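Q: My questions all concern the structure below.
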Amino acid sequence: MAGAHKLGEIMHHLRQFSSAVLGRAMSLVYSVTRAYGQHQVTERVERSRRALLRCSAGEMWRRAVAARLHSLIIHVAYFVAISCTGWGLLSALEVRAPHGRPRAIDTFFTAVSAATVSSMSTVEMEVFSNGQLLVITLLMFIGGEVFLSLVGIASKWLQLRNQIIGRSQRVESHDVELDTVAAATIGAAEAEAEADSTLAVTEEHTNGGAVDAKLMRRNAVRALFYVVLAILLVVHVVGAAAVAAYMNAAPGPRQTLRRKALNVWTFAVFTTVSTFSSCGYMPTNENMAAFSRDVPLQLLLAPQALVGSTLFPPLLAACVWAAAAATRREDLAEVARKGRDATGYYHLLPARRCWMLAGTVAAFIAAQVALVCAMEWGGALQGLSAGEKVSNAFFLAVNSRHTGESTLDISTLAPAILVLFVLMMYLPPYTTWFPFEENSTTRDHSTESQGIRFLKSTVLSQLSYLTIFVIAICITERRKLKEDPLNFNVLSIIVEVVSAYGNVGFSMGYSCSRQINPDQLCTDRWTGFAGRWSDSGKLILIIVMFFGRLKKFSMKGGKAWKLS
């Protein structure tokens with residue numbers, strides 16, 4: 001009995017031990033399984049979240065590409081439409097001398113040049129009548145970058161306004177439906193309380209969130225619209241009045257206009273619009289060469305050329321800050337505080353970038369003035385006083401960046417100066433030396449589709465396109481390159497193409513005295529070098545002007561090419 005009892009106790013302890021071990025093992029297995037399951041679930045959730053983010057980023061990228069393509073199509077249609085309209089008006093109006101009517105291709109070339117603010121010329125400007133000069137003035141005004149950006153701001157303002165109105169109407173209709181359902185199912189007091197609570201929640205989540213953000217953005221865009229409009233009006237009104245006052249007060253320029261049968265106000269308005277829009281057309285055949293000794297006129301036009309192109313962002317930022325400080329309006333303060341983030345306006349740069357941009361522009365101008373004065377003091381500038389030489393050099397340096405008005409014959413300048421001018425014409429207007437890190441969001445290229453990556457890889461760089469254009473024109477003008485090499489040379493073609501691409505208007509011109517085999521019927525005309533090209537070459541240059549005016553849509557091309 002004692003042995004059996006002892007054996008029973010041993011078996012009992014053994015069962016307890018085995019149960020404990022089995023329980024501990026089961027607990028361990030359960031813990032491991034649970035942890036593994038949680039890890040699997042967490043990993044799956046993380047993968048799903050990353051996939052959702054990639055899908056969302058890809059959708060946003062596709063929308064951005066679609067919006068950019070839509071904007072490009074609108075810009076192309078706009079410039080083609082105003083060019084064709086201007087061509088029709090110029091062809092319908094009478095010229096000064098009936099026997100001097102330009103050919104159709106030259107008239108269309110002039111319309112495109114004015115609409116794209118390129119100022120490339122194939123006919124003499126004094127051929128056009130007063131009515132035709134007004135048409136060219138209108139083309140330059142509506143083709144200018146500031147005016148186009150103003151139209152863009154107005155469009156964004158209207159879009160935000162419609163979004164706010166549409167959202168408010170949807171909220172109101174939703175509230176009415178809730179009130180109707182509540183009144184039909186519960187009592188009047190309960191319906192009123194339910195409607196009040198629903199309205200409060202709706203206003204908190206909708207009006208207090210998205211609508212308020214939209215409203216603030218709309219007010220900021222509206223304020224910016226009025227600031228840009230004020231700059232546009234003040235510069236044109238004050239600039240035209242100042243030019244007209246000087247032309248009436250100075251006997252020399254006034255006599256020049258009388259000799260050319262030009263109205264003072266027509267000249268003043270035409271010149272101001274051309275200068276601020278960075279076109280560079282002048283109603284005189286010689287451009288500004290007829291006023292090479294009029295230093296006050298050059299000093300009046302140079303600031304207009306700067307604030308209309310390279311220094312427009314600093315001017316705009318200064319005006320926004322001044323308006324915000326003077327009026328203390330919340331919308332202006334929002335624009336001054338957040339800048340481009342508040343409005344999406346391309347030309348509204350941060351304060352530090354504006355300062356660096358102004359410094360870069362000043363350095364470029366100083367380098368050009370120094371080189372022109374050093375190499376042409378006794379050359380192209382000969383016959384002028386010291387002050388007039390510096391003023392002419394400064395005027396050329398300012399206009400080499402996208403305006404193109406010239407007081408000297410560009411073909412007489414040293415090749416080193418021409419190469420520097422080619423570089424200045426090629427650079428975009430807001431080229432800045434900026435050794436700081438900018439806040440930019442890096443895009444995950446894995447979200448781009450294969451088609452989008454292939455499309456981006458086919459886009460060439462700007463230099464590649466310019467090379468193709470130069471080669472094409474060298475092919476169309478190959479006969480003249482052999483027969484007239486002093487006028488038709490590769491440098492002259494490069495200057496013409498880069499000038500058209502940069503929408504500048506500088507040209508080497510054409511001189512009958514440089515012909516190796518003199519043509520007795522050749523007459524010198526105040527036209528650009530392209531005026532002596534074939535019709536095929538002119539059509540290629542028209543394409544270059546359109547491409548240069550829309551180059552902002554292809555500035556990031558060529559990144560698929562690896563040169564290392």
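A note on labels: chains of the structure tokens are A, B, ... as shown, every chain counts residues from 1, and ligands are counted from 1 in their shown order.
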Give me, as a VMD selection string, all polymer residues having an atom no more than 6 Å from stretch 538-547 of chain A, counting only C-alpha atoms and skipping those fewer than 3 positions away in the same chain.

A: chain A and resid 500 to 501 535 550 to 551

Q: Could you save those same residues with all heavy atoms as a short mmCIF file (atom, residue, chain, number, x, y, z; two decimals), in the first residue's frame?

A:
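Saved the output as selection_33.cif:
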```cif
data_model
loop_
_atom_site.label_atom_id
_atom_site.label_comp_id
_atom_site.auth_asym_id
_atom_site.auth_seq_id
_atom_site.Cartn_x
_atom_site.Cartn_y
_atom_site.Cartn_z
N ALA A 500 17.06 85.15 -81.49
CA ALA A 500 15.64 84.79 -81.66
C ALA A 500 15.18 83.87 -80.54
O ALA A 500 14.06 84.00 -80.03
CB ALA A 500 15.43 84.12 -83.02
N TYR A 501 16.03 82.93 -80.12
CA TYR A 501 15.68 82.03 -79.03
C TYR A 501 15.50 82.78 -77.72
O TYR A 501 14.57 82.53 -76.95
CB TYR A 501 16.76 80.96 -78.88
CG TYR A 501 16.75 80.24 -77.56
CD1 TYR A 501 15.86 79.21 -77.32
CD2 TYR A 501 17.65 80.60 -76.54
CE1 TYR A 501 15.84 78.56 -76.09
CE2 TYR A 501 17.64 79.95 -75.33
CZ TYR A 501 16.74 78.94 -75.11
OH TYR A 501 16.72 78.30 -73.89
N ASP A 535 13.27 82.11 -97.81
CA ASP A 535 12.00 81.92 -97.11
C ASP A 535 12.07 80.73 -96.17
O ASP A 535 11.47 80.74 -95.08
CB ASP A 535 10.87 81.73 -98.11
CG ASP A 535 10.56 83.01 -98.88
OD1 ASP A 535 11.06 84.08 -98.47
OD2 ASP A 535 9.82 82.95 -99.89
N LEU A 550 8.41 79.97 -75.55
CA LEU A 550 7.81 78.91 -74.72
C LEU A 550 8.88 78.01 -74.11
O LEU A 550 8.59 76.88 -73.72
CB LEU A 550 6.86 78.07 -75.58
CG LEU A 550 5.71 78.83 -76.23
CD1 LEU A 550 4.98 77.93 -77.21
CD2 LEU A 550 4.75 79.35 -75.18
N LYS A 551 10.11 78.50 -73.99
CA LYS A 551 11.20 77.65 -73.51
C LYS A 551 11.05 77.25 -72.05
O LYS A 551 11.68 76.29 -71.61
CB LYS A 551 12.55 78.34 -73.70
CG LYS A 551 12.69 79.69 -73.04
CD LYS A 551 14.07 80.28 -73.31
CE LYS A 551 14.19 81.73 -72.84
NZ LYS A 551 13.50 82.64 -73.76
#
```

Q: Where does stretch 212-330 of chain A meet stretch 390-401 of chain A within 8 Å, residue by residue, with the nearest atom pair and distance in Å to one decimal for each, counting only C-alpha atoms, listed by chain and rising number, as a Markdown table?

A:
```
| residue | atom | partner | partner_atom | distance |
| --- | --- | --- | --- | --- |
| A:Ser292 | CA | A:Asn392 | CA | 6.8 |
| A:Val295 | CA | A:Ser391 | CA | 6.3 |
| A:Gln298 | CA | A:Phe395 | CA | 6.5 |
| A:Leu299 | CA | A:Ser391 | CA | 7.8 |
| A:Ala302 | CA | A:Phe395 | CA | 6.3 |
| A:Ala305 | CA | A:Asn399 | CA | 7.0 |
| A:Leu306 | CA | A:Val398 | CA | 7.0 |
| A:Thr310 | CA | A:Arg401 | CA | 7.6 |
```

Q: Can you tell me which residues surround stretch 343-354 of chain A at a distance of at most 6 Å, considering only C-alpha atoms, apart from same-chain residues fewer than 5 positions away, and format the answer as a PyMOL selection string?

A: chain A and resi 221+313-314

Q: As a list of chain:residue names, please: the residues near A:Thr432 (cut-off 7 Å, only C-alpha atoms, same-chain neighbours under 2 positions excluded).

A: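 The contact residues come out as A:Met356, A:Leu357, A:Thr360, A:Tyr430, A:Phe434.
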
Q: Can you write out the residues you just picked, keeping C-alpha atoms, as a PDB file, in the first residue's frame?

A:
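Once everything was written out, this is again.pdb:
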```pdb
ATOM      1  CA  MET A 356      20.934  87.487 -55.181  1.00  0.00           C
ATOM      2  CA  LEU A 357      19.169  88.012 -58.515  1.00  0.00           C
ATOM      3  CA  THR A 360      23.811  88.697 -60.382  1.00  0.00           C
ATOM      4  CA  TYR A 430      16.152  84.891 -63.708  1.00  0.00           C
ATOM      5  CA  PHE A 434      22.542  81.298 -55.425  1.00  0.00           C
TER       6      PHE A 434
END
```

Q: Find the residues near A:Val112: any atom within 12 Å, counting only C-alpha atoms, skip ones fewer than 2 places away on the same chain, and give them as number ranges by chain.

A: A: 78-88, 90, 105-110, 114-122, 136, 139-140, 143, 279, 500, 503, 538-539, 541-549

Q: Could you please write out, as a PyMOL selection string, every residue of stretch 221-408 of chain A that DSSP assigns to helix (DSSP H, G or I)?

A: chain A and resi 221-249+251-259+264-276+287-291+295-307+312-327+330-338+340-343+351-376+386-399

Q: Write the residues of the selection above to a file with C-alpha atoms, as a compact mmCIF listing (two decimals), in the first residue's frame.

A:
```
# COMPACT_ATOMS: atom_id res chain seq x y z
CA VAL A 221 -4.31 86.07 -55.41
CA ARG A 222 -6.66 89.04 -55.74
CA ALA A 223 -4.28 91.32 -53.86
CA LEU A 224 -1.36 90.19 -56.00
CA PHE A 225 -3.42 90.84 -59.14
CA TYR A 226 -3.92 94.47 -58.17
CA VAL A 227 -0.23 94.91 -57.32
CA VAL A 228 0.92 93.55 -60.70
CA LEU A 229 -1.75 95.60 -62.50
CA ALA A 230 -0.56 98.74 -60.71
CA ILE A 231 3.05 98.07 -61.73
CA LEU A 232 2.00 97.50 -65.34
CA LEU A 233 -0.04 100.71 -65.53
CA VAL A 234 2.41 102.94 -63.64
CA VAL A 235 5.43 101.86 -65.68
CA HIS A 236 3.65 102.41 -69.00
CA VAL A 237 1.97 105.69 -68.09
CA VAL A 238 4.97 107.26 -66.35
CA GLY A 239 7.42 105.83 -68.89
CA ALA A 240 5.49 107.08 -71.93
CA ALA A 241 4.97 110.51 -70.35
CA ALA A 242 8.67 110.80 -69.48
CA VAL A 243 9.79 109.80 -72.98
CA ALA A 244 7.31 112.19 -74.61
CA ALA A 245 8.40 115.03 -72.31
CA TYR A 246 12.05 114.46 -73.18
CA MET A 247 11.37 114.27 -76.92
CA ASN A 248 9.47 117.56 -76.78
CA ALA A 249 12.12 119.26 -74.64
CA PRO A 251 15.69 119.79 -79.89
CA GLY A 252 17.84 117.05 -81.43
CA PRO A 253 15.48 114.09 -80.85
CA ARG A 254 12.45 116.22 -81.72
CA GLN A 255 14.06 117.14 -85.04
CA THR A 256 14.83 113.47 -85.69
CA LEU A 257 11.17 112.52 -85.25
CA ARG A 258 10.04 115.35 -87.53
CA ARG A 259 12.48 114.25 -90.21
CA VAL A 264 5.88 112.13 -80.54
CA TRP A 265 3.22 110.22 -78.61
CA THR A 266 3.26 107.32 -81.05
CA PHE A 267 7.01 107.09 -80.57
CA ALA A 268 6.73 107.40 -76.77
CA VAL A 269 4.00 104.75 -76.35
CA PHE A 270 5.57 102.38 -78.89
CA THR A 271 9.03 102.64 -77.30
CA THR A 272 7.75 102.26 -73.72
CA VAL A 273 5.65 99.19 -74.52
CA SER A 274 8.49 97.66 -76.54
CA THR A 275 11.07 98.29 -73.81
CA PHE A 276 9.02 97.04 -70.84
CA ASN A 287 16.66 101.35 -83.81
CA MET A 288 18.34 103.41 -81.04
CA ALA A 289 21.41 104.24 -83.17
CA ALA A 290 19.65 107.47 -84.14
CA PHE A 291 19.83 108.48 -80.44
CA VAL A 295 22.19 109.95 -72.83
CA PRO A 296 18.99 111.04 -70.93
CA LEU A 297 16.82 108.96 -73.28
CA GLN A 298 19.05 105.91 -72.78
CA LEU A 299 18.89 106.39 -69.01
CA LEU A 300 15.08 106.62 -69.22
CA LEU A 301 14.74 103.39 -71.16
CA ALA A 302 17.35 101.27 -69.35
CA PRO A 303 15.36 101.00 -66.05
CA GLN A 304 12.24 100.07 -68.01
CA ALA A 305 14.15 97.27 -69.75
CA LEU A 306 15.46 95.99 -66.40
CA VAL A 307 12.17 96.00 -64.47
CA PHE A 312 10.82 92.29 -62.26
CA PRO A 313 10.82 89.87 -59.25
CA PRO A 314 12.75 92.28 -56.96
CA LEU A 315 10.45 95.14 -58.02
CA LEU A 316 7.36 93.01 -57.40
CA ALA A 317 8.59 91.84 -53.99
CA ALA A 318 9.39 95.42 -52.96
CA CYS A 319 5.93 96.61 -54.05
CA VAL A 320 4.21 93.78 -52.18
CA TRP A 321 6.09 94.54 -48.96
CA ALA A 322 5.44 98.28 -49.32
CA ALA A 323 1.72 97.75 -49.96
CA ALA A 324 1.44 95.35 -47.01
CA ALA A 325 3.18 97.81 -44.68
CA ALA A 326 1.12 100.77 -45.89
CA THR A 327 -2.34 99.16 -45.88
CA GLU A 330 -4.22 90.55 -44.14
CA ASP A 331 -4.18 89.31 -47.74
CA LEU A 332 -1.19 91.47 -48.66
CA ALA A 333 0.57 90.39 -45.47
CA GLU A 334 -0.07 86.77 -46.47
CA VAL A 335 1.49 87.36 -49.90
CA ALA A 336 4.48 89.17 -48.38
CA ARG A 337 4.98 86.44 -45.77
CA LYS A 338 4.54 83.30 -47.87
CA ARG A 340 4.98 82.04 -54.10
CA ASP A 341 3.50 79.46 -51.68
CA ALA A 342 0.48 81.70 -51.07
CA THR A 343 -0.33 82.41 -54.71
CA ALA A 351 13.54 87.88 -50.55
CA ARG A 352 16.97 86.21 -50.48
CA ARG A 353 16.61 85.05 -54.07
CA CYS A 354 15.59 88.60 -55.12
CA TRP A 355 18.70 90.06 -53.53
CA MET A 356 20.93 87.49 -55.18
CA LEU A 357 19.17 88.01 -58.51
CA ALA A 358 19.78 91.77 -58.34
CA GLY A 359 23.43 91.16 -57.50
CA THR A 360 23.81 88.70 -60.38
CA VAL A 361 22.26 91.14 -62.86
CA ALA A 362 24.54 93.93 -61.64
CA ALA A 363 27.62 91.68 -61.99
CA PHE A 364 26.67 90.67 -65.55
CA ILE A 365 26.11 94.28 -66.55
CA ALA A 366 29.39 95.41 -64.99
CA ALA A 367 31.32 92.68 -66.81
CA GLN A 368 29.80 93.61 -70.17
CA VAL A 369 30.33 97.36 -69.68
CA ALA A 370 33.97 96.75 -68.74
CA LEU A 371 34.60 94.55 -71.78
CA VAL A 372 32.86 96.91 -74.25
CA CYS A 373 34.69 99.96 -72.91
CA ALA A 374 38.03 98.13 -72.86
CA MET A 375 37.83 96.80 -76.41
CA GLU A 376 35.74 99.44 -78.23
CA ALA A 386 33.49 109.77 -72.36
CA GLY A 387 30.04 109.96 -70.73
CA GLU A 388 28.33 108.96 -73.97
CA LYS A 389 30.69 105.99 -74.38
CA VAL A 390 29.92 104.68 -70.89
CA SER A 391 26.19 105.29 -71.40
CA ASN A 392 26.16 103.42 -74.72
CA ALA A 393 28.12 100.52 -73.22
CA PHE A 394 25.69 100.38 -70.29
CA PHE A 395 22.68 100.52 -72.62
CA LEU A 396 24.03 97.65 -74.72
CA ALA A 397 24.76 95.57 -71.60
CA VAL A 398 21.23 96.05 -70.28
CA ASN A 399 19.64 95.20 -73.62
```

Q: Can you tell me how far atom CA of A:Phe506 sits from atom CA of A:Gly557, in Å to one decimal?

A: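 Taking atom CA of A:Phe506 as the start and atom CA of A:Gly557 as the end point, the length is 25.9 Å.
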
Q: Quick one: of A:Leu466, A:Leu93, A:Ala261, A:Ile494, who's nearest to A:Val419, counting only C-alpha atoms?

A: A:Ile494
